[in-house]
file coords_9.cif (mmCIF, C-alpha atoms)
data_start
loop_
_atom_site.label_atom_id
_atom_site.label_comp_id
_atom_site.auth_asym_id
_atom_site.auth_seq_id
_atom_site.Cartn_x
_atom_site.Cartn_y
_atom_site.Cartn_z
CA MET A 240 71.52 67.94 89.65
CA ARG A 241 73.05 68.32 86.17
CA ILE A 242 76.63 69.63 86.26
CA ALA A 243 79.11 70.28 83.45
CA ILE A 244 82.84 70.32 84.16
CA ALA A 245 85.26 71.88 81.68
CA GLY A 246 88.64 70.33 82.36
CA ALA A 247 89.55 66.69 82.97
CA GLY A 248 92.93 67.22 84.60
CA SER A 249 93.61 66.46 88.25
CA ALA A 250 91.17 69.14 89.43
CA GLY A 251 88.40 68.01 87.10
CA GLN A 252 88.89 64.33 87.88
CA ASN A 253 88.86 64.81 91.63
CA LEU A 254 85.78 67.00 91.36
CA ALA A 255 84.04 64.51 89.09
CA TYR A 256 84.57 61.62 91.51
CA LYS A 257 83.21 63.67 94.42
CA LEU A 258 80.16 65.00 92.58
CA HIS A 259 79.34 61.62 91.01
CA ALA A 260 79.41 59.97 94.44
CA MET A 261 76.77 62.50 95.49
CA GLY A 262 74.44 61.30 92.74
CA ASN A 263 74.79 64.17 90.25
CA ASP A 264 74.56 63.82 86.46
CA LEU A 265 77.88 64.93 84.98
CA ILE A 266 79.15 66.16 81.63
CA ILE A 267 82.95 66.30 81.27
CA ILE A 268 84.57 68.46 78.59
CA ASP A 269 88.25 68.26 77.64
CA THR A 270 90.63 68.19 74.67
CA ASP A 271 92.43 65.09 75.93
CA PRO A 272 90.72 61.86 74.82
CA VAL A 273 92.86 59.77 77.18
CA ALA A 274 91.72 61.77 80.22
CA LEU A 275 88.09 61.54 79.12
CA ASN A 276 88.37 57.80 78.59
CA GLU A 277 89.90 57.39 82.05
CA ILE A 278 86.95 59.16 83.67
CA SER A 279 84.26 57.44 81.58
CA SER A 280 85.80 54.04 82.34
CA ALA A 281 85.39 54.65 86.06
CA LEU A 282 82.20 56.72 86.17
CA ASP A 283 78.86 56.76 84.37
CA VAL A 284 79.25 60.24 82.87
CA MET A 285 78.84 61.94 79.50
CA THR A 286 82.09 63.12 77.90
CA VAL A 287 82.60 65.71 75.15
CA LEU A 288 85.90 66.03 73.30
CA GLY A 289 86.84 69.64 72.64
CA ARG A 290 87.66 73.03 74.18
CA GLY A 291 85.36 74.34 76.89
CA SER A 292 85.97 77.81 75.46
CA SER A 293 84.51 76.82 72.09
CA PRO A 294 80.92 77.99 71.34
CA GLU A 295 80.40 74.83 69.30
CA ILE A 296 81.44 72.56 72.17
CA ILE A 297 79.30 74.48 74.68
CA GLU A 298 76.29 73.94 72.42
CA LYS A 299 77.18 70.29 71.76
CA SER A 300 77.53 69.52 75.48
CA GLN A 301 74.21 71.27 76.23
CA ALA A 302 75.97 73.16 79.01
CA GLY A 303 73.21 75.77 78.84
CA LYS A 304 70.78 73.26 80.31
CA CYS A 305 72.98 72.56 83.35
CA ASP A 306 72.29 73.64 86.90
CA ILE A 307 75.99 74.34 87.44
CA PHE A 308 78.84 74.85 84.97
CA VAL A 309 82.36 74.57 86.40
CA ALA A 310 85.50 75.54 84.48
CA VAL A 311 88.61 74.05 86.11
CA THR A 312 91.24 73.86 83.37
CA SER A 313 94.76 75.09 84.15
CA ASN A 314 94.24 78.14 81.89
CA ASP A 315 92.46 81.12 83.47
CA GLU A 316 91.53 82.69 80.14
CA VAL A 317 89.93 79.45 78.94
CA ASN A 318 87.98 79.15 82.21
CA LEU A 319 86.69 82.72 82.00
CA LEU A 320 85.59 82.38 78.39
CA ALA A 321 84.01 78.98 79.03
CA CYS A 322 81.93 80.41 81.89
CA HIS A 323 80.89 83.37 79.73
CA LEU A 324 79.70 81.07 76.96
CA ALA A 325 77.92 78.69 79.35
CA HIS A 326 76.18 81.63 81.04
CA SER A 327 75.09 83.02 77.67
CA ALA A 328 73.79 79.58 76.72
CA GLY A 329 71.59 79.49 79.83
CA ALA A 330 73.55 77.70 82.57
CA ARG A 331 71.96 78.57 85.91
CA PHE A 332 75.23 79.03 87.86
CA THR A 333 78.86 79.23 86.78
CA ILE A 334 82.03 78.65 88.82
CA CYS A 335 85.46 79.57 87.52
CA ARG A 336 88.82 78.30 88.76
CA ILE A 337 91.37 81.12 88.93
CA ASN A 338 95.12 80.54 89.23
CA ASP A 339 96.31 84.14 88.90
CA ILE A 340 94.92 86.14 91.82
CA SER A 341 95.38 89.38 89.85
CA PHE A 342 92.25 88.51 87.88
CA LEU A 343 90.26 88.91 91.07
CA ARG A 344 91.97 92.12 92.16
CA SER A 345 91.98 94.09 88.93
CA PRO A 346 89.35 96.87 88.56
CA LEU A 347 89.52 96.31 84.81
CA LEU A 348 87.79 92.94 85.00
CA ASN A 349 84.13 92.61 85.93
CA LEU A 350 83.55 88.91 86.44
CA ALA A 351 79.80 89.29 86.87
CA ARG A 352 79.52 90.88 83.42
CA LEU A 353 81.43 87.93 82.02
CA GLY A 354 78.82 85.62 83.46
CA VAL A 355 81.02 84.26 86.28
CA ASP A 356 78.89 83.75 89.40
CA ARG A 357 81.73 82.49 91.59
CA ALA A 358 85.49 82.66 91.08
CA VAL A 359 87.64 80.36 93.19
CA ALA A 360 91.31 81.16 93.77
CA HIS A 361 92.06 77.67 95.01
CA ASN A 362 95.78 78.22 95.58
CA GLU A 363 95.03 81.18 97.82
CA ARG A 364 92.44 79.15 99.78
CA CYS A 365 94.89 76.25 100.14
CA ALA A 366 97.67 78.57 101.32
CA ARG A 367 95.35 80.00 103.95
CA GLU A 368 94.46 76.51 105.16
CA ILE A 369 98.15 75.61 105.51
CA PHE A 370 98.82 78.82 107.41
CA ASP A 371 95.87 78.17 109.73
CA VAL A 372 97.37 74.80 110.66
CA LEU A 373 100.82 76.32 111.23
CA SER A 374 99.21 78.94 113.47
CA ILE A 375 97.77 76.25 115.78
CA PRO A 376 100.74 74.25 117.10
CA GLY A 377 99.71 70.68 117.84
CA ALA A 378 96.94 70.59 115.24
CA PHE A 379 97.56 68.68 112.02
CA GLU A 380 94.32 69.83 110.42
CA ALA A 381 92.18 72.95 110.63
CA THR A 382 89.20 74.39 108.78
CA SER A 383 86.78 77.17 109.60
CA LEU A 384 83.11 78.10 109.15
CA PHE A 385 80.88 81.05 110.07
CA LYS A 386 83.27 83.36 108.20
CA GLY A 387 86.13 82.35 110.47
CA ARG A 388 84.26 82.57 113.77
CA ILE A 389 84.63 78.85 114.51
CA THR A 390 87.49 76.49 113.83
CA ALA A 391 87.45 72.72 113.50
CA ILE A 392 90.77 71.11 114.42
CA GLY A 393 92.25 67.65 114.35
CA PHE A 394 95.06 66.73 116.73
CA ARG A 395 96.86 63.61 117.96
CA LEU A 396 96.52 63.06 121.69
CA PRO A 397 99.93 63.22 123.38
CA GLU A 398 101.17 61.58 126.54
CA GLY A 399 99.92 63.46 129.59
CA SER A 400 96.86 64.98 127.92
CA PRO A 401 93.94 65.48 130.35
CA LEU A 402 91.66 64.01 127.66
CA LEU A 403 93.09 60.52 128.02
CA ASP A 404 91.62 57.35 129.49
CA LYS A 405 88.12 58.36 130.54
CA PRO A 406 84.80 58.96 128.72
CA LEU A 407 84.46 62.40 127.15
CA ALA A 408 81.20 62.87 129.10
CA GLU A 409 83.22 63.06 132.30
CA PHE A 410 84.76 66.37 131.21
CA LYS A 411 81.53 68.26 131.92
CA ASP A 412 83.08 69.81 135.03
CA VAL A 413 86.04 71.15 133.08
CA GLU A 414 85.97 74.75 131.83
CA TRP A 415 86.06 73.59 128.21
CA PHE A 416 82.94 71.41 128.33
CA ASP A 417 80.61 74.27 127.34
CA LYS A 418 83.03 75.67 124.75
CA VAL A 419 84.16 72.63 122.76
CA ARG A 420 82.30 69.93 120.84
CA PHE A 421 84.21 66.76 119.94
CA PHE A 422 82.87 65.27 116.72
CA GLY A 423 85.38 62.82 115.27
CA LEU A 424 87.65 60.16 116.76
CA VAL A 425 90.14 57.99 114.88
CA GLN A 426 91.40 54.92 116.72
CA GLY A 427 93.74 52.85 114.59
CA ASP A 428 92.23 53.09 111.10
CA GLU A 429 88.64 53.46 112.29
CA LEU A 430 86.80 56.79 112.14
CA GLN A 431 83.79 57.20 114.42
CA ILE A 432 81.57 59.98 115.67
CA ALA A 433 82.88 61.12 119.07
CA ARG A 434 80.23 60.46 121.73
CA GLY A 435 80.06 61.05 125.46
CA SER A 436 80.93 57.40 125.97
CA SER A 437 84.05 57.59 123.77
CA VAL A 438 87.33 56.94 125.59
CA CYS A 439 90.48 58.41 124.07
CA ARG A 440 93.88 56.76 124.18
CA MET A 441 97.33 58.21 123.60
CA GLY A 442 97.97 58.43 119.85
CA ASP A 443 94.29 58.68 118.88
CA ASP A 444 93.29 61.48 116.53
CA LEU A 445 90.56 63.68 117.99
CA TYR A 446 88.55 66.31 116.11
CA ALA A 447 86.84 69.24 117.81
CA VAL A 448 85.02 72.46 116.92
CA LEU A 449 85.15 75.64 119.01
CA ALA A 450 85.23 79.43 118.73
CA SER A 451 88.35 80.51 116.86
CA HIS A 452 89.45 82.87 119.62
CA ASP A 453 89.48 79.96 122.13
CA THR A 454 91.55 77.60 119.99
CA ASP A 455 95.01 78.48 121.27
CA ALA A 456 94.07 78.28 124.96
CA PHE A 457 92.22 74.98 124.45
CA MET A 458 95.19 73.39 122.72
CA ASP A 459 97.48 74.47 125.54
CA TRP A 460 95.13 72.68 127.96
CA ALA A 461 94.75 69.57 125.78
CA PHE A 462 98.54 69.28 125.44
CA ALA A 463 99.16 69.98 129.13
CA GLY A 464 101.16 73.07 128.19
CA LYS A 465 103.71 71.07 126.19
CA ARG A 466 103.08 72.35 122.67
CA GLN A 467 106.03 73.27 120.48
CA LYS A 468 105.53 76.71 118.91
CA ILE A 469 106.49 77.23 115.27
CA ARG A 470 108.97 80.08 114.85
CA LYS A 471 110.38 79.39 111.39
CA VAL A 472 108.69 78.16 108.20
CA ILE A 473 110.57 76.81 105.20
CA VAL A 474 108.47 76.89 102.02
CA ALA A 475 109.74 74.56 99.31
CA GLY A 476 108.38 75.78 95.99
CA GLY A 477 107.92 79.25 94.55
CA SER A 478 104.85 78.61 92.41
CA ARG A 479 101.59 80.45 93.14
CA LEU A 480 100.77 78.24 96.14
CA GLY A 481 104.22 78.61 97.69
CA LEU A 482 104.31 82.35 97.07
CA SER A 483 100.85 82.82 98.59
CA LEU A 484 101.84 80.79 101.66
CA ALA A 485 105.02 82.83 102.09
CA HIS A 486 102.96 86.04 101.98
CA HIS A 487 100.84 84.77 104.88
CA VAL A 488 103.84 83.64 106.92
CA GLU A 489 105.90 86.79 106.51
CA LYS A 490 102.99 88.88 107.80
CA ALA A 491 102.99 86.82 111.00
CA SER A 492 105.71 86.81 113.63
CA MET A 493 107.50 83.83 112.07
CA GLU A 494 110.71 83.69 110.10
CA CYS A 495 110.06 82.62 106.50
CA ILE A 496 112.49 81.10 104.00
CA LEU A 497 111.29 80.24 100.49
CA VAL A 498 113.42 77.78 98.53
CA GLU A 499 112.99 77.48 94.76
CA ARG A 500 115.29 75.63 92.35
CA ASP A 501 114.06 77.49 89.23
CA ARG A 502 115.97 80.76 88.97
CA ALA A 503 113.16 82.70 87.26
CA LEU A 504 110.60 81.68 89.89
CA ALA A 505 113.07 82.46 92.68
CA GLU A 506 113.69 85.94 91.25
CA ARG A 507 109.95 86.58 90.93
CA ALA A 508 109.40 85.51 94.54
CA SER A 509 112.23 87.76 95.72
CA GLU A 510 110.60 90.73 94.00
CA GLN A 511 107.15 90.09 95.45
CA LEU A 512 107.98 89.13 99.02
CA GLU A 513 108.87 91.77 101.60
CA ARG A 514 110.37 90.08 104.68
CA ALA A 515 110.83 86.48 103.59
CA GLN A 516 114.28 85.26 102.56
CA VAL A 517 114.40 83.63 99.12
CA LEU A 518 117.01 81.01 98.24
CA HIS A 519 117.75 79.73 94.74
CA ALA A 520 118.38 76.11 95.72
CA ASP A 521 116.84 72.65 95.74
CA ALA A 522 114.97 71.87 98.97
CA ALA A 523 115.03 68.18 98.05
CA HIS A 524 118.78 68.11 98.75
CA ALA A 525 119.77 67.33 102.33
CA ALA A 526 122.70 69.74 102.07
CA THR A 527 120.30 72.64 101.43
CA LEU A 528 118.18 71.81 104.46
CA LYS A 529 121.21 71.34 106.70
CA GLU A 530 122.52 74.75 105.63
CA ILE A 531 119.19 76.42 106.39
CA GLY A 532 118.88 74.63 109.72
CA LEU A 533 115.94 72.61 110.99
CA GLY A 534 114.71 72.32 114.55
CA LYS A 535 111.66 71.47 116.62
CA ASP A 536 110.43 75.03 116.12
CA THR A 537 110.71 74.73 112.31
CA ALA A 538 107.88 73.84 109.93
CA PHE A 539 108.73 72.54 106.46
CA ALA A 540 106.06 72.94 103.76
CA ALA A 541 106.75 71.24 100.42
CA VAL A 542 104.26 72.69 97.92
CA THR A 543 105.92 72.20 94.53
CA ASP A 544 103.94 70.82 91.57
CA ASP A 545 105.70 67.45 91.96
CA GLN A 546 103.93 65.49 94.71
CA ASP A 547 106.53 62.71 94.78
CA THR A 548 109.28 65.24 95.41
CA ASN A 549 107.13 66.86 98.10
CA ILE A 550 106.67 63.58 99.94
CA VAL A 551 110.36 62.66 99.83
CA SER A 552 111.40 66.18 100.85
CA CYS A 553 109.09 66.14 103.87
CA ILE A 554 110.34 62.77 105.06
CA GLN A 555 113.92 63.98 104.69
CA ALA A 556 113.16 67.25 106.53
CA LYS A 557 111.55 65.28 109.36
CA ASP A 558 114.61 63.04 109.64
CA LEU A 559 116.80 66.15 109.80
CA GLY A 560 114.84 67.53 112.75
CA ALA A 561 111.89 69.56 111.43
CA GLY A 562 109.15 69.83 114.05
CA PHE A 563 106.25 69.87 111.59
CA THR A 564 105.97 68.93 107.92
CA VAL A 565 103.34 69.69 105.27
CA SER A 566 103.22 68.12 101.83
CA ARG A 567 101.14 69.07 98.82
CA ILE A 568 99.59 65.91 97.35
CA ASP A 569 97.33 66.15 94.31
CA ASN A 570 96.36 62.48 94.02
CA PRO A 571 93.84 61.66 96.80
CA ASP A 572 94.78 57.97 96.58
CA TYR A 573 98.17 58.86 98.05
CA VAL A 574 96.72 60.37 101.23
CA PRO A 575 95.85 57.15 103.15
CA ILE A 576 99.20 55.66 102.16
CA VAL A 577 101.07 58.69 103.51
CA ASP A 578 98.94 58.64 106.67
CA ARG A 579 99.90 55.04 107.38
CA LEU A 580 103.58 55.93 107.14
CA HIS A 581 103.24 58.48 109.98
CA ARG A 582 106.19 60.37 108.50
CA ILE A 583 104.38 63.54 107.35
CA ASP A 584 102.29 65.62 109.74
CA HIS A 585 99.84 67.17 107.30
CA VAL A 586 98.93 66.86 103.62
CA VAL A 587 97.08 69.43 101.54
CA SER A 588 95.60 69.62 98.08
CA PRO A 589 94.63 72.77 96.18
CA TYR A 590 91.95 70.65 94.54
CA LEU A 591 90.36 69.86 97.90
CA SER A 592 90.14 73.61 98.47
CA LEU A 593 88.51 73.96 95.06
CA ILE A 594 86.00 71.19 95.78
CA ARG A 595 85.11 72.75 99.13
CA ALA A 596 84.26 76.03 97.43
CA ILE A 597 82.02 74.26 94.94
CA LEU A 598 80.19 71.86 97.27
CA ALA A 599 78.14 74.54 99.00
CA TYR A 600 76.45 75.35 95.69
CA VAL A 601 75.89 71.70 94.85
CA HIS A 602 74.21 71.01 98.20
CA GLY A 603 71.64 73.78 97.66
CA ASP A 604 70.54 76.98 99.36
CA ARG A 605 70.25 75.45 102.85
CA ILE A 606 74.00 74.69 102.89
CA THR A 607 76.03 77.91 102.87
CA ASP A 608 79.53 76.50 103.34
CA VAL A 609 81.30 73.15 103.58
CA GLY A 610 84.44 72.21 105.50
CA LEU A 611 86.43 69.22 104.24
CA PHE A 612 89.28 67.35 105.87
CA THR A 613 92.31 65.72 104.32
CA HIS A 614 92.88 62.94 106.84
CA ILE A 615 89.28 61.88 107.47
CA SER A 616 86.22 61.55 105.28
CA GLY A 617 82.96 63.34 105.92
CA GLU A 618 81.87 66.96 105.75
CA LEU A 619 81.38 69.84 108.14
CA GLN A 620 78.36 71.61 106.67
CA GLU A 621 77.13 75.10 107.53
CA VAL A 622 73.33 74.91 107.51
CA VAL A 623 71.00 77.91 107.83
CA VAL A 624 67.53 77.74 109.43
CA LYS A 625 65.21 79.63 107.10
CA ALA A 626 61.71 81.04 107.68
CA GLY A 627 59.04 78.36 107.73
CA ASN A 628 61.48 75.61 108.67
CA ARG A 629 59.77 72.83 110.64
CA TRP A 630 62.43 72.98 113.36
CA GLU A 631 61.94 76.67 114.11
CA GLY A 632 61.20 77.17 117.83
CA ARG A 633 61.96 73.54 118.66
CA PRO A 634 64.82 72.20 120.77
CA LEU A 635 67.85 70.77 119.02
CA ARG A 636 67.17 67.32 120.45
CA ASP A 637 64.02 67.09 118.26
CA VAL A 638 65.94 67.52 115.00
CA LYS A 639 66.03 64.19 113.18
CA LEU A 640 69.66 64.08 112.13
CA PRO A 641 71.28 60.91 110.77
CA GLU A 642 72.95 58.81 113.46
CA ALA A 643 76.38 59.48 111.94
CA ALA A 644 76.05 63.26 112.36
CA VAL A 645 76.56 65.77 115.18
CA VAL A 646 75.93 69.51 115.63
CA GLY A 647 79.24 71.12 116.57
CA ALA A 648 78.29 74.78 116.95
CA ILE A 649 75.54 77.30 116.28
CA GLN A 650 75.91 80.94 115.30
CA ARG A 651 73.11 83.36 116.22
CA GLY A 652 73.84 86.91 115.19
CA ASP A 653 77.35 87.67 116.42
CA GLU A 654 77.28 84.99 119.13
CA THR A 655 78.58 81.44 118.79
CA TYR A 656 77.33 78.57 120.97
CA VAL A 657 78.25 74.95 121.62
CA PRO A 658 74.63 73.84 122.00
CA THR A 659 72.95 71.30 124.25
CA GLY A 660 69.83 69.35 123.32
CA SER A 661 67.58 72.01 124.89
CA PHE A 662 68.86 74.80 122.60
CA GLU A 663 65.81 76.20 120.72
CA LEU A 664 66.36 77.00 117.07
CA LYS A 665 65.42 80.34 115.54
CA VAL A 666 65.24 81.65 111.98
CA GLY A 667 68.69 82.76 110.87
CA ASP A 668 70.59 80.32 113.09
CA ARG A 669 73.58 78.74 111.39
CA LEU A 670 74.47 75.20 112.41
CA ALA A 671 77.86 73.56 111.89
CA ILE A 672 77.02 69.88 111.38
CA TYR A 673 79.63 67.19 110.91
CA SER A 674 78.57 63.93 109.26
CA LEU A 675 80.35 60.88 107.98
CA GLN A 676 80.58 60.69 104.19
CA LYS A 677 77.85 58.08 103.90
CA THR A 678 75.24 60.42 105.39
CA ALA A 679 76.49 63.84 104.21
CA HIS A 680 73.85 63.99 101.48
CA ARG A 681 71.09 63.47 104.05
CA ILE A 682 71.72 66.71 105.99
CA ARG A 683 70.08 69.11 103.51
CA PRO A 684 66.71 67.28 103.36
CA VAL A 685 66.39 67.52 107.15
CA PHE A 686 66.19 71.32 106.90
CA GLU A 687 64.00 71.63 103.80
#

call {"tool": "encode", "arguments": {"input": "coords_9.cif", "output": "structure tokens"}}
result
Amino acid sequence: MRIAIAGAGSAGQNLAYKLHAMGNDLIIIDTDPVALNEISSALDVMTVLGRGSSPEIIEKSQAGKCDIFVAVTSNDEVNLLACHLAHSAGARFTICRINDISFLRSPLLNLARLGVDRAVAHNERCAREIFDVLSIPGAFEATSLFKGRITAIGFRLPEGSPLLDKPLAEFKDVEWFDKVRFFGLVQGDELQIARGSSVCRMGDDLYAVLASHDTDAFMDWAFAGKRQKIRKVIVAGGSRLGLSLAHHVEKASMECILVERDRALAERASEQLERAQVLHADAAHAATLKEIGLGKDTAFAAVTDDQDTNIVSCIQAKDLGAGFTVSRIDNPDYVPIVDRLHRIDHVVSPYLSLIRAILAYVHGDRITDVGLFTHISGELQEVVVKAGNRWEGRPLRDVKLPEAAVVGAIQRGDETYVPTGSFELKVGDRLAIYSLQKTAHRIRPVFE
């Protein structure tokens, strides 16, 4: 697939690495020659120096001949104009990164008429993902498919969990056997597909998929009733991501405190938030956190634009007693390093949210959504069984999936199932399939 990316900043670079690994032909457009040289030195891609919002550059890059045109600069107006020009030039599908959510809410702006096929408010998506994790005490990762009907969670097995020290297959007599599918297991630094023969130990990271409405009860069972509920959330950073997260938290039954060291941003947050308390202070200072008060029932989310400050702030908040910490990290190379430290509970990236929104279109019409995880590689793909599919009317056990893949759930109409091998597929079924990164690209061909 031929894909043009306007913007070679952090978002564009992360997207380029992901799409290149999938075997796509890429064209990268940016005004910064250093950023373009950095990408071209690492990847076999075509680069074009100039503004993505320039008609001349759109023609020079041959963006009109691309299957997908993606505008991911930090400027919304540039992204919108770039998509309009690429659409007019003949690009088959355009995706626009949007920072200011008001562009999506205003009745004055018709994105379709501008030639924007898909607008992605990545900060809003990232804020929702953080909130989802905070809403499931014990989970350090959560993503959803089937329009929120199922949730995939990652959690670290605590002492006393009923899931410890015996093969997962032996849980078939437990009430959760027909409601939960385990798909990923991390022991030490090794990620593997969870099988019936897998034996979990205390401290292992286990990943499971289940109906969203069952998640809370399942986690209570898995943690033997010893989960610590989150009652207060401290949001460090009043930028768009922090403000969006605070909006989610204040609508829930949790106390919310937003801390912002820039007076103008703090004042803006105070005007836009309803219940949340806003402090003009520096959350990186221990004195600020001590004054606010941290406890086991407190979550600390550092989501400023400075990832180094976020990491240090989270470690400090943990040392001062915070029960759960979340750090925004924009450089994916930092994630495994932070994981090895075991000092931060969860890391997020707005760019991962952006990539997730784009991947479904790159995979093709059989893949309708993609769930990505921060702490493990691989993809949770939502696959639809279309008319004429060779697997229609056949049991799931006949489907020739890659060995490093597992079906977690199936949606049929309004019902969601954790299927067995005898489950017969029908047209319209939606399958949630997790696969390791090395085989993710092999899922789509199975259903063509």

call {"tool": "axis_aligned_box", "arguments": {"input": "coords_9.cif", "around": "region 313-330 of chain A", "padding_each_side": "3 Å", "output": "lines of an AutoDock Vina configuration file"}}
result
center_x = 83.2
center_y = 79.2
center_z = 80.4
size_x = 29.2
size_y = 14.3
size_z = 13.4

call {"tool": "atom_distance", "arguments": {"input": "coords_9.cif", "atom1": "CA of His259 (chain A)", "atom2": "CA of Ile242 (chain A)"}}
result
9.7 Å

call {"tool": "atom_distance", "arguments": {"input": "coords_9.cif", "atom1": "CA of Ala525 (chain A)", "atom2": "CA of Lys490 (chain A)"}}
result
27.9 Å

call {"tool": "residues_around", "arguments": {"input": "coords_9.cif", "residues": "Ala463 (chain A)", "least_positions_apart": "6", "cutoff": "10 Å", "atoms": "all atoms listed in the file", "output": "number ranges by chain"}}
result
A: 397-402, 457

call {"tool": "residues_around", "arguments": {"input": "coords_9.cif", "residues": "region 374-385 of chain A", "least_positions_apart": "5", "cutoff": "6 Å", "atoms": "all atoms listed in the file", "output": "ChimeraX atom specification"}}
result
/A:390-394,468,585

call {"tool": "closest_residue", "arguments": {"input": "coords_9.cif", "among": "A:His487, A:Arg651, A:Lys386, A:Lys465", "to": "Asp371 (chain A)", "atoms": "all atoms listed in the file"}}
result
A:His487

call {"tool": "decode", "arguments": {"input": "coords_9.cif", "residues": "region 437-499 of chain A", "atoms": "C-alpha atoms", "output": "compact mmCIF listing (two decimals), in the first residue's frame"}}
result
# COMPACT_ATOMS: atom_id res chain seq x y z
CA SER A 437 0.14 -22.09 30.68
CA VAL A 438 0.85 -21.87 34.41
CA CYS A 439 0.81 -18.42 35.99
CA ARG A 440 3.07 -17.34 38.83
CA MET A 441 2.79 -14.41 41.20
CA GLY A 442 4.08 -11.28 39.48
CA ASP A 443 3.32 -12.49 35.94
CA ASP A 444 1.40 -10.14 33.67
CA LEU A 445 -1.76 -11.75 32.29
CA TYR A 446 -3.93 -10.38 29.49
CA ALA A 447 -7.60 -11.28 29.06
CA VAL A 448 -10.62 -10.26 26.99
CA LEU A 449 -14.21 -10.32 28.26
CA ALA A 450 -17.51 -8.46 28.07
CA SER A 451 -17.08 -4.95 29.42
CA HIS A 452 -19.93 -5.31 31.90
CA ASP A 453 -18.19 -8.34 33.48
CA THR A 454 -14.81 -6.68 33.93
CA ASP A 455 -15.23 -5.33 37.45
CA ALA A 456 -16.59 -8.58 38.90
CA PHE A 457 -13.88 -10.64 37.20
CA MET A 458 -11.11 -8.45 38.58
CA ASP A 459 -12.55 -8.76 42.08
CA TRP A 460 -12.36 -12.55 41.68
CA ALA A 461 -8.86 -12.53 40.16
CA PHE A 462 -7.58 -10.33 42.99
CA ALA A 463 -9.38 -12.35 45.68
CA GLY A 464 -11.36 -9.24 46.64
CA LYS A 465 -8.23 -7.27 47.55
CA ARG A 466 -8.28 -4.53 44.91
CA GLN A 467 -7.63 -0.95 45.94
CA LYS A 468 -10.29 1.37 44.52
CA ILE A 469 -9.23 4.74 43.10
CA ARG A 470 -11.07 7.62 44.77
CA LYS A 471 -8.88 10.59 43.85
CA VAL A 472 -7.02 11.42 40.62
CA ILE A 473 -4.29 14.03 40.37
CA VAL A 474 -3.73 15.19 36.79
CA ALA A 475 -0.35 16.84 36.25
CA GLY A 476 -0.59 19.00 33.14
CA GLY A 477 -3.32 21.28 31.83
CA SER A 478 -2.70 20.85 28.11
CA ARG A 479 -5.40 19.33 25.88
CA LEU A 480 -4.67 15.78 27.07
CA GLY A 481 -4.75 16.71 30.75
CA LEU A 482 -7.87 18.81 30.36
CA SER A 483 -9.66 16.03 28.48
CA LEU A 484 -8.70 13.49 31.15
CA ALA A 485 -9.93 15.80 33.92
CA HIS A 486 -13.28 16.13 32.12
CA HIS A 487 -13.67 12.33 32.18
CA VAL A 488 -12.67 12.03 35.83
CA GLU A 489 -14.88 14.80 37.15
CA LYS A 490 -17.92 13.18 35.54
CA ALA A 491 -17.20 9.99 37.50
CA SER A 492 -17.49 9.59 41.25
CA MET A 493 -13.81 10.42 41.83
CA GLU A 494 -12.22 13.53 43.24
CA CYS A 495 -10.13 15.30 40.59
CA ILE A 496 -7.28 17.78 41.09
CA LEU A 497 -5.54 19.28 38.05
CA VAL A 498 -2.11 20.80 38.65
CA GLU A 499 -0.59 23.14 36.07
